[in-house]
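Peer 1: Dropping in structure-v1.pdb, which is PDB, C-alpha atoms and all ligand atoms:
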ATOM      1  CA  MET B   1      12.159  -0.547 -22.012
ATOM      2  CA  SER B   2       9.914   0.917 -19.356
ATOM      3  CA  HIS B   3      10.605   0.270 -15.705
ATOM      4  CA  ILE B   4       7.566  -0.645 -13.701
ATOM      5  CA  ALA B   5       7.407  -1.269  -9.957
ATOM      6  CA  LEU B   6       4.764  -3.147  -8.018
ATOM      7  CA  TYR B   7       3.689  -1.577  -4.724
ATOM      8  CA  PRO B   8       1.731  -4.214  -2.777
ATOM      9  CA  GLY B   9      -0.231  -3.732   0.422
ATOM     10  CA  SER B  10      -3.550  -4.180   2.118
ATOM     11  CA  PHE B  11      -4.366  -0.498   1.645
ATOM     12  CA  ASP B  12      -7.350  -0.880   4.006
ATOM     13  CA  PRO B  13      -7.673   2.063   3.715
ATOM     14  CA  PHE B  14      -5.162   3.858   1.466
ATOM     15  CA  THR B  15      -3.502   6.581   3.571
ATOM     16  CA  ASN B  16      -1.381   9.627   2.862
ATOM     17  CA  GLY B  17       1.592   7.482   3.918
ATOM     18  CA  HIS B  18       0.874   5.122   1.014
ATOM     19  CA  LEU B  19       0.249   8.087  -1.254
ATOM     20  CA  GLY B  20       3.618   9.623  -0.392
ATOM     21  CA  ILE B  21       5.469   6.402  -1.198
ATOM     22  CA  ALA B  22       3.513   5.988  -4.472
ATOM     23  CA  GLN B  23       4.232   9.571  -5.556
ATOM     24  CA  ARG B  24       7.919   9.251  -4.796
ATOM     25  CA  ALA B  25       8.121   5.903  -6.592
ATOM     26  CA  LEU B  26       6.656   7.641  -9.642
ATOM     27  CA  GLN B  27       9.678   9.946  -9.674
ATOM     28  CA  VAL B  28      11.929   6.925 -10.057
ATOM     29  CA  PHE B  29       9.909   4.524 -12.218
ATOM     30  CA  ASP B  30       8.020   4.958 -15.499
ATOM     31  CA  GLY B  31       4.957   3.468 -13.894
ATOM     32  CA  ILE B  32       3.735   1.738 -10.778
ATOM     33  CA  ILE B  33       1.176  -0.936 -10.062
ATOM     34  CA  LEU B  34      -0.702  -0.540  -6.807
ATOM     35  CA  ALA B  35      -1.587  -4.095  -5.953
ATOM     36  CA  ILE B  36      -4.065  -4.930  -3.210
ATOM     37  CA  ALA B  37      -2.993  -8.154  -1.546
ATOM     38  CA  ILE B  38      -6.128 -10.158  -0.811
ATOM     39  CA  ASN B  39      -5.923 -11.715   2.629
ATOM     40  CA  SER B  40      -8.927 -13.881   3.380
ATOM     41  CA  ARG B  41      -7.851 -14.294   7.020
ATOM     42  CA  LYS B  42      -8.370 -10.616   7.811
ATOM     43  CA  THR B  43     -11.738  -8.905   8.035
ATOM     44  CA  PRO B  44     -11.223  -5.639   6.205
ATOM     45  CA  LEU B  45     -13.006  -2.330   6.731
ATOM     46  CA  PHE B  46     -13.404  -2.013   2.944
ATOM     47  CA  SER B  47     -13.935  -4.839   0.476
ATOM     48  CA  VAL B  48     -11.362  -5.427  -2.232
ATOM     49  CA  ASP B  49     -13.709  -3.859  -4.802
ATOM     50  CA  GLU B  50     -14.191  -0.796  -2.634
ATOM     51  CA  ARG B  51     -10.441  -0.423  -2.198
ATOM     52  CA  LEU B  52      -9.879  -0.845  -5.932
ATOM     53  CA  ALA B  53     -12.447   1.863  -6.651
ATOM     54  CA  MET B  54     -10.962   4.248  -4.069
ATOM     55  CA  ILE B  55      -7.399   3.922  -5.288
ATOM     56  CA  ARG B  56      -8.479   4.149  -8.940
ATOM     57  CA  GLU B  57     -10.328   7.349  -8.187
ATOM     58  CA  LEU B  58      -7.262   8.788  -6.502
ATOM     59  CA  PHE B  59      -5.064   8.177  -9.546
ATOM     60  CA  ALA B  60      -7.738   8.622 -12.222
ATOM     61  CA  ASP B  61      -5.719  11.334 -13.980
ATOM     62  CA  ASP B  62      -2.403   9.512 -13.932
ATOM     63  CA  SER B  63      -1.973   6.931 -16.673
ATOM     64  CA  ARG B  64       1.326   5.799 -15.116
ATOM     65  CA  VAL B  65      -0.583   4.134 -12.282
ATOM     66  CA  GLN B  66      -2.343   0.783 -12.620
ATOM     67  CA  VAL B  67      -4.439  -0.573  -9.786
ATOM     68  CA  THR B  68      -5.089  -4.243  -9.289
ATOM     69  CA  ALA B  69      -5.753  -6.921  -6.665
ATOM     70  CA  PHE B  70      -4.102 -10.290  -6.303
ATOM     71  CA  GLU B  71      -4.047 -13.389  -4.171
ATOM     72  CA  GLY B  72      -0.944 -15.443  -3.499
ATOM     73  CA  LEU B  73       2.728 -14.702  -3.883
ATOM     74  CA  THR B  74       3.717 -11.089  -4.502
ATOM     75  CA  VAL B  75       6.745 -12.096  -6.580
ATOM     76  CA  LYS B  76       4.515 -14.119  -8.894
ATOM     77  CA  GLN B  77       2.246 -11.135  -9.338
ATOM     78  CA  ALA B  78       5.242  -8.892 -10.031
ATOM     79  CA  ARG B  79       6.558 -11.261 -12.693
ATOM     80  CA  ALA B  80       3.149 -11.734 -14.259
ATOM     81  CA  MET B  81       2.777  -7.959 -14.600
ATOM     82  CA  GLY B  82       6.280  -7.282 -15.876
ATOM     83  CA  ALA B  83       7.550  -5.555 -12.730
ATOM     84  CA  LYS B  84      11.135  -6.256 -11.704
ATOM     85  CA  VAL B  85      10.887  -4.245  -8.520
ATOM     86  CA  ILE B  86       8.674  -4.483  -5.450
ATOM     87  CA  ILE B  87       8.367  -1.232  -3.507
ATOM     88  CA  ARG B  88       7.906  -1.245   0.261
ATOM     89  CA  GLY B  89       7.723   1.644   2.673
ATOM     90  CA  LEU B  90       9.604   1.694   5.967
ATOM     91  CA  ARG B  91       8.331   3.649   8.938
ATOM     92  CA  ALA B  92      10.076   2.415  12.013
ATOM     93  CA  VAL B  93      12.478  -0.208  13.268
ATOM     94  CA  ALA B  94       9.404  -2.343  13.862
ATOM     95  CA  ASP B  95       8.795  -2.563  10.097
ATOM     96  CA  PHE B  96      12.394  -3.489   9.436
ATOM     97  CA  GLU B  97      12.531  -7.039  10.785
ATOM     98  CA  TYR B  98       9.405  -8.180   9.037
ATOM     99  CA  GLU B  99      10.405  -6.501   5.791
ATOM    100  CA  LEU B 100      13.931  -7.937   5.897
ATOM    101  CA  GLN B 101      12.542 -11.461   6.235
ATOM    102  CA  MET B 102      10.003 -10.933   3.511
ATOM    103  CA  ALA B 103      12.510  -9.391   1.089
ATOM    104  CA  ASN B 104      14.881 -12.310   1.578
ATOM    105  CA  MET B 105      12.124 -14.868   1.203
ATOM    106  CA  ASN B 106      10.987 -13.144  -1.970
ATOM    107  CA  ARG B 107      14.528 -13.106  -3.341
ATOM    108  CA  LYS B 108      14.788 -16.816  -2.655
ATOM    109  CA  LEU B 109      11.504 -17.446  -4.441
ATOM    110  CA  GLU B 110      12.273 -15.175  -7.356
ATOM    111  CA  PRO B 111      15.833 -13.816  -7.687
ATOM    112  CA  THR B 112      14.960 -11.652 -10.704
ATOM    113  CA  VAL B 113      12.629  -9.456  -8.650
ATOM    114  CA  GLU B 114      14.298  -6.902  -6.344
ATOM    115  CA  THR B 115      12.680  -5.291  -3.300
ATOM    116  CA  LEU B 116      13.304  -1.579  -2.962
ATOM    117  CA  PHE B 117      12.612   0.254   0.299
ATOM    118  CA  MET B 118      11.620   3.860   0.619
ATOM    119  CA  MET B 119      11.703   5.659   3.939
ATOM    120  CA  THR B 120       8.493   7.229   5.092
ATOM    121  CA  SER B 121       8.295  10.979   4.895
ATOM    122  CA  GLU B 122       8.432  12.565   8.340
ATOM    123  CA  GLU B 123       4.840  13.845   8.189
ATOM    124  CA  TYR B 124       3.511  10.296   7.925
ATOM    125  CA  PHE B 125       5.922   8.098   9.852
ATOM    126  CA  PHE B 126       3.258   7.457  12.524
ATOM    127  CA  VAL B 127       0.412   6.695  10.109
ATOM    128  CA  SER B 128      -0.778   3.139   9.493
ATOM    129  CA  SER B 129      -4.066   1.892   8.079
ATOM    130  CA  GLN B 130      -4.638   0.217  11.428
ATOM    131  CA  ASN B 131      -4.235   3.300  13.582
ATOM    132  CA  VAL B 132      -6.250   5.458  11.178
ATOM    133  CA  LYS B 133      -9.131   2.969  11.549
ATOM    134  CA  GLU B 134      -8.798   2.912  15.325
ATOM    135  CA  VAL B 135      -8.796   6.694  15.628
ATOM    136  CA  ALA B 136     -11.832   6.908  13.320
ATOM    137  CA  PHE B 137     -13.705   4.276  15.360
ATOM    138  CA  TYR B 138     -13.227   6.325  18.500
ATOM    139  CA  GLY B 139     -14.335   9.525  16.806
ATOM    140  CA  GLY B 140     -10.885  11.098  16.426
ATOM    141  CA  ASP B 141      -9.867  13.432  13.637
ATOM    142  CA  ILE B 142      -8.123  11.664  10.736
ATOM    143  CA  SER B 143      -8.080  14.626   8.363
ATOM    144  CA  GLY B 144      -4.648  15.121   6.863
ATOM    145  CA  LEU B 145      -3.811  11.447   7.341
ATOM    146  CA  VAL B 146      -5.842  10.164   4.399
ATOM    147  CA  PRO B 147      -7.068  11.849   1.185
ATOM    148  CA  PRO B 148     -10.247  13.905   1.886
ATOM    149  CA  PHE B 149     -12.720  11.674   0.010
ATOM    150  CA  ILE B 150     -11.300   8.589   1.745
ATOM    151  CA  ASP B 151     -11.741  10.380   5.073
ATOM    152  CA  SER B 152     -15.470  10.729   4.250
ATOM    153  CA  LEU B 153     -15.737   7.081   3.193
ATOM    154  CA  ILE B 154     -14.089   5.923   6.427
ATOM    155  CA  ARG B 155     -16.372   8.063   8.558
ATOM    156  CA  ALA B 156     -19.461   6.795   6.735
ATOM    157  CA  ARG B 157     -18.333   3.176   7.146
ATOM    158  CA  VAL B 158     -17.488   3.599  10.816
ATOM    159  CA  ALA B 159     -20.890   5.213  11.435
ATOM    160  CA  GLN B 160     -22.602   2.109   9.999
ATOM    161  CA  ARG B 161     -20.815  -0.220  12.389
TER     162      ARG B 161
HETATM  163  P1  LIG B 201      -0.267  -0.669   6.905
HETATM  164  O1  LIG B 201       1.120  -1.186   7.216
HETATM  165  O2  LIG B 201      -0.411   0.821   6.971
HETATM  166  O3  LIG B 201      -1.371  -1.381   7.609
HETATM  167  P2  LIG B 201      -0.130  -1.906   4.252
HETATM  168  O4  LIG B 201       0.062  -3.303   4.622
HETATM  169  O5  LIG B 201      -1.184  -1.619   3.260
HETATM  170  O6  LIG B 201      -0.541  -0.929   5.416
HETATM  171  O7  LIG B 201       1.241  -1.273   3.795
HETATM  172  C1  LIG B 201       1.769  -1.462   2.520
HETATM  173  C2  LIG B 201       3.162  -0.895   2.459
HETATM  174  O8  LIG B 201       3.116   0.511   2.692
HETATM  175  C3  LIG B 201       4.134  -1.444   3.496
HETATM  176  O9  LIG B 201       5.431  -1.522   2.896
HETATM  177  C4  LIG B 201       4.123  -0.406   4.578
HETATM  178  O10 LIG B 201       5.321  -0.396   5.317
HETATM  179  C5  LIG B 201       3.993   0.859   3.742
HETATM  180  N1  LIG B 201       3.433   1.950   4.511
HETATM  181  C6  LIG B 201       2.261   1.989   5.167
HETATM  182  N2  LIG B 201       2.074   3.172   5.793
HETATM  183  C7  LIG B 201       3.175   3.914   5.516
HETATM  184  C8  LIG B 201       3.629   5.225   5.888
HETATM  185  N3  LIG B 201       2.905   5.985   6.690
HETATM  186  N4  LIG B 201       4.812   5.645   5.416
HETATM  187  C9  LIG B 201       5.556   4.842   4.622
HETATM  188  N5  LIG B 201       5.207   3.599   4.243
HETATM  189  C10 LIG B 201       4.045   3.129   4.690
END
Please render this file's structure as structure tokens.
Peer 2:
Amino acid sequence: MSHIALYPGSFDPFTNGHLGIAQRALQVFDGIILAIAINSRKTPLFSVDERLAMIRELFADDSRVQVTAFEGLTVKQARAMGAKVIIRGLRAVADFEYELQMANMNRKLEPTVETLFMMTSEEYFFVSSQNVKEVAFYGGDISGLVPPFIDSLIRARVAQR
């Protein structure tokens, strides 16, 4: 039986922090599903289709990675896709409280799905999609924080705004 984990997030945009977690999860699981959580209350920098395309391009050579988008409960999506584990990344104490609540809520909703946390790698502990966008908006250098082609896409998008 193959062990698949679902790694959900907004990924707006996908950063090297996300990439690090995904790569490390691939050392533990047979495959991972990168699942873009659609949140209609937020105005994203990139549409869901753009994010799907970006992440698919990044993992184009790795058949162990599936990329999808979903709306609604993460545990439902995990079950529907045959994943028994949800992966989350932890950066700082600030992530912990929110993640603890969410993991417990998810366990209540679906006890057969476990949430597994991976600590950020030290190079990326300060990187979030939000602060990458902010730095890019103010003309700061985001190279090294996101994959190079995503860096170009962010700069092009920011220039349009
Ligand atoms: P962000 O929190 O960066 O706005 P997401 O909501 O897309 O982005 O995050 C999805 C998951 O990835 C969350 O579990 C989040 O804690 C984790 N994550 C995001 N950035 C990093 C990072 N730099 N290192 C480790 N995990 C991260």
Peer 1: Need the shell around range 41-44 of chain B: protein/DNA/RNA residues with any atom at most 10 Å away, counting all atoms listed in the file. Skip same-chain ones fewer than 6 positions apart. Format as a PyMOL selection string?
Peer 2: chain B and resi 10-13+51
Peer 1: Got a sec: who's within 10 Å of range 140-152 of chain B, counting all atoms listed in the file, leaving out chain neighbours fewer than 6 positions off, as JSON, numbers by chain?
Peer 2: {"B": [13, 14, 15, 16, 17, 18, 19, 51, 54, 55, 57, 58, 123, 124, 126, 127, 128, 129, 131, 132, 133, 134, 158]}
Peer 1: Measuring between all atoms listed in the file, which one of B:Phe46, B:Tyr7, B:Phe59, B:Tyr138 shows the shortest distance to ligand LIG 201 (chain B)?
Peer 2: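 Closest to ligand LIG 201 (chain B), using all atoms listed in the file: B:Tyr7.
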Peer 1: Please write out, as AutoDock Vina command-line options, where the centre of an axis-aligned box around all listed atoms of range 91-99 of chain B lies and how long its edges are, in Å to one decimal, after adding 5 Å on each side.
Peer 2:
--center_x 10.4 --center_y -2.3 --center_z 9.8 --size_x 14.2 --size_y 21.8 --size_z 18.1
Peer 1: Calculate how many Å separate CA of Gln130 in chain B from atom O1 of ligand LIG 201 (chain B), rounding to one decimal.
Peer 2: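 Answer for the CA of Gln130 in chain B to atom O1 of ligand LIG 201 (chain B) separation: 7.3 Å.
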Peer 1: I'd like to see the residues matched by the PyMOL selection byres (((chain B and resi 86) around 7) and not hetatm) on this file, and ideally I'd get them as a ChimeraX atom specification.
Peer 2: /B:5-7,84-85,87-88,114-116
Peer 1: Measuring atom to atom with all atoms listed in the file, identify which of B:Asn39, B:Ser2, B:Asn104, B:Thr112 is nearest to ligand LIG 201 (chain B).
Peer 2: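 Distance minimum relative to ligand LIG 201 (chain B) lands on B:Asn39.
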Peer 1: Quick check, in Å to one decimal: how far apart do CA of Ala103 in chain B and atom O9 of ligand LIG 201 (chain B) lie?
Peer 2: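 Going from CA of Ala103 in chain B over to atom O9 of ligand LIG 201 (chain B), I get 10.7 Å.
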Peer 1: Rank B:Arg64, B:Ala83, B:Ile21, B:Ala35 by their smallest atom-to-atom distance to His3 in chain B, using only C-alpha atoms, and report the top residue only.
Peer 2: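 Under the stated criterion, the closest residue is B:Ala83.
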Peer 1: Exactly which residues make up the result of the PyMOL selection byres (((chain B and resi 120) around 8) and not hetatm) on this file, given as a short mmCIF file (atom, residue, chain, number, x, y, z; two decimals) with C-alpha atoms, keeping the file's coordinate frame?
Peer 2:
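Everything below was put into selection-v8.cif:
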data_model
loop_
_atom_site.label_atom_id
_atom_site.label_comp_id
_atom_site.auth_asym_id
_atom_site.auth_seq_id
_atom_site.Cartn_x
_atom_site.Cartn_y
_atom_site.Cartn_z
CA GLY B 17 1.59 7.48 3.92
CA GLY B 20 3.62 9.62 -0.39
CA ILE B 21 5.47 6.40 -1.20
CA GLY B 89 7.72 1.64 2.67
CA LEU B 90 9.60 1.69 5.97
CA ARG B 91 8.33 3.65 8.94
CA MET B 118 11.62 3.86 0.62
CA MET B 119 11.70 5.66 3.94
CA SER B 121 8.30 10.98 4.89
CA GLU B 122 8.43 12.56 8.34
CA TYR B 124 3.51 10.30 7.92
CA PHE B 125 5.92 8.10 9.85
#
Peer 1: Between CA of Ile154 in chain B and CA of Phe137 in chain B, what distance in Å does the model show, to one decimal?
Peer 2: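 So the answer is 9.1 Å.
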Peer 1: In terms of the shortest atom-to-atom distance over all atoms listed in the file, which of B:Ile32, B:Ala69, B:Met105, B:Ala22 is closest to Glu50 in chain B?
Peer 2: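 Ranked by minimum distance to Glu50 in chain B, first place goes to B:Ala69.
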Peer 1: Tell me which of B:Val113, B:Lys108, B:Glu99, B:Ile38 sits closest to ligand LIG 201 (chain B), counting all atoms listed in the file.
Peer 2: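 That would be B:Glu99, the residue with the smallest distance to ligand LIG 201 (chain B).
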Peer 1: Using all atoms listed in the file for the distances, tell me which of B:Val28, B:Leu100, B:Val75, B:Ala80 is nearest to ligand LIG 201 (chain B).
Peer 2: B:Leu100
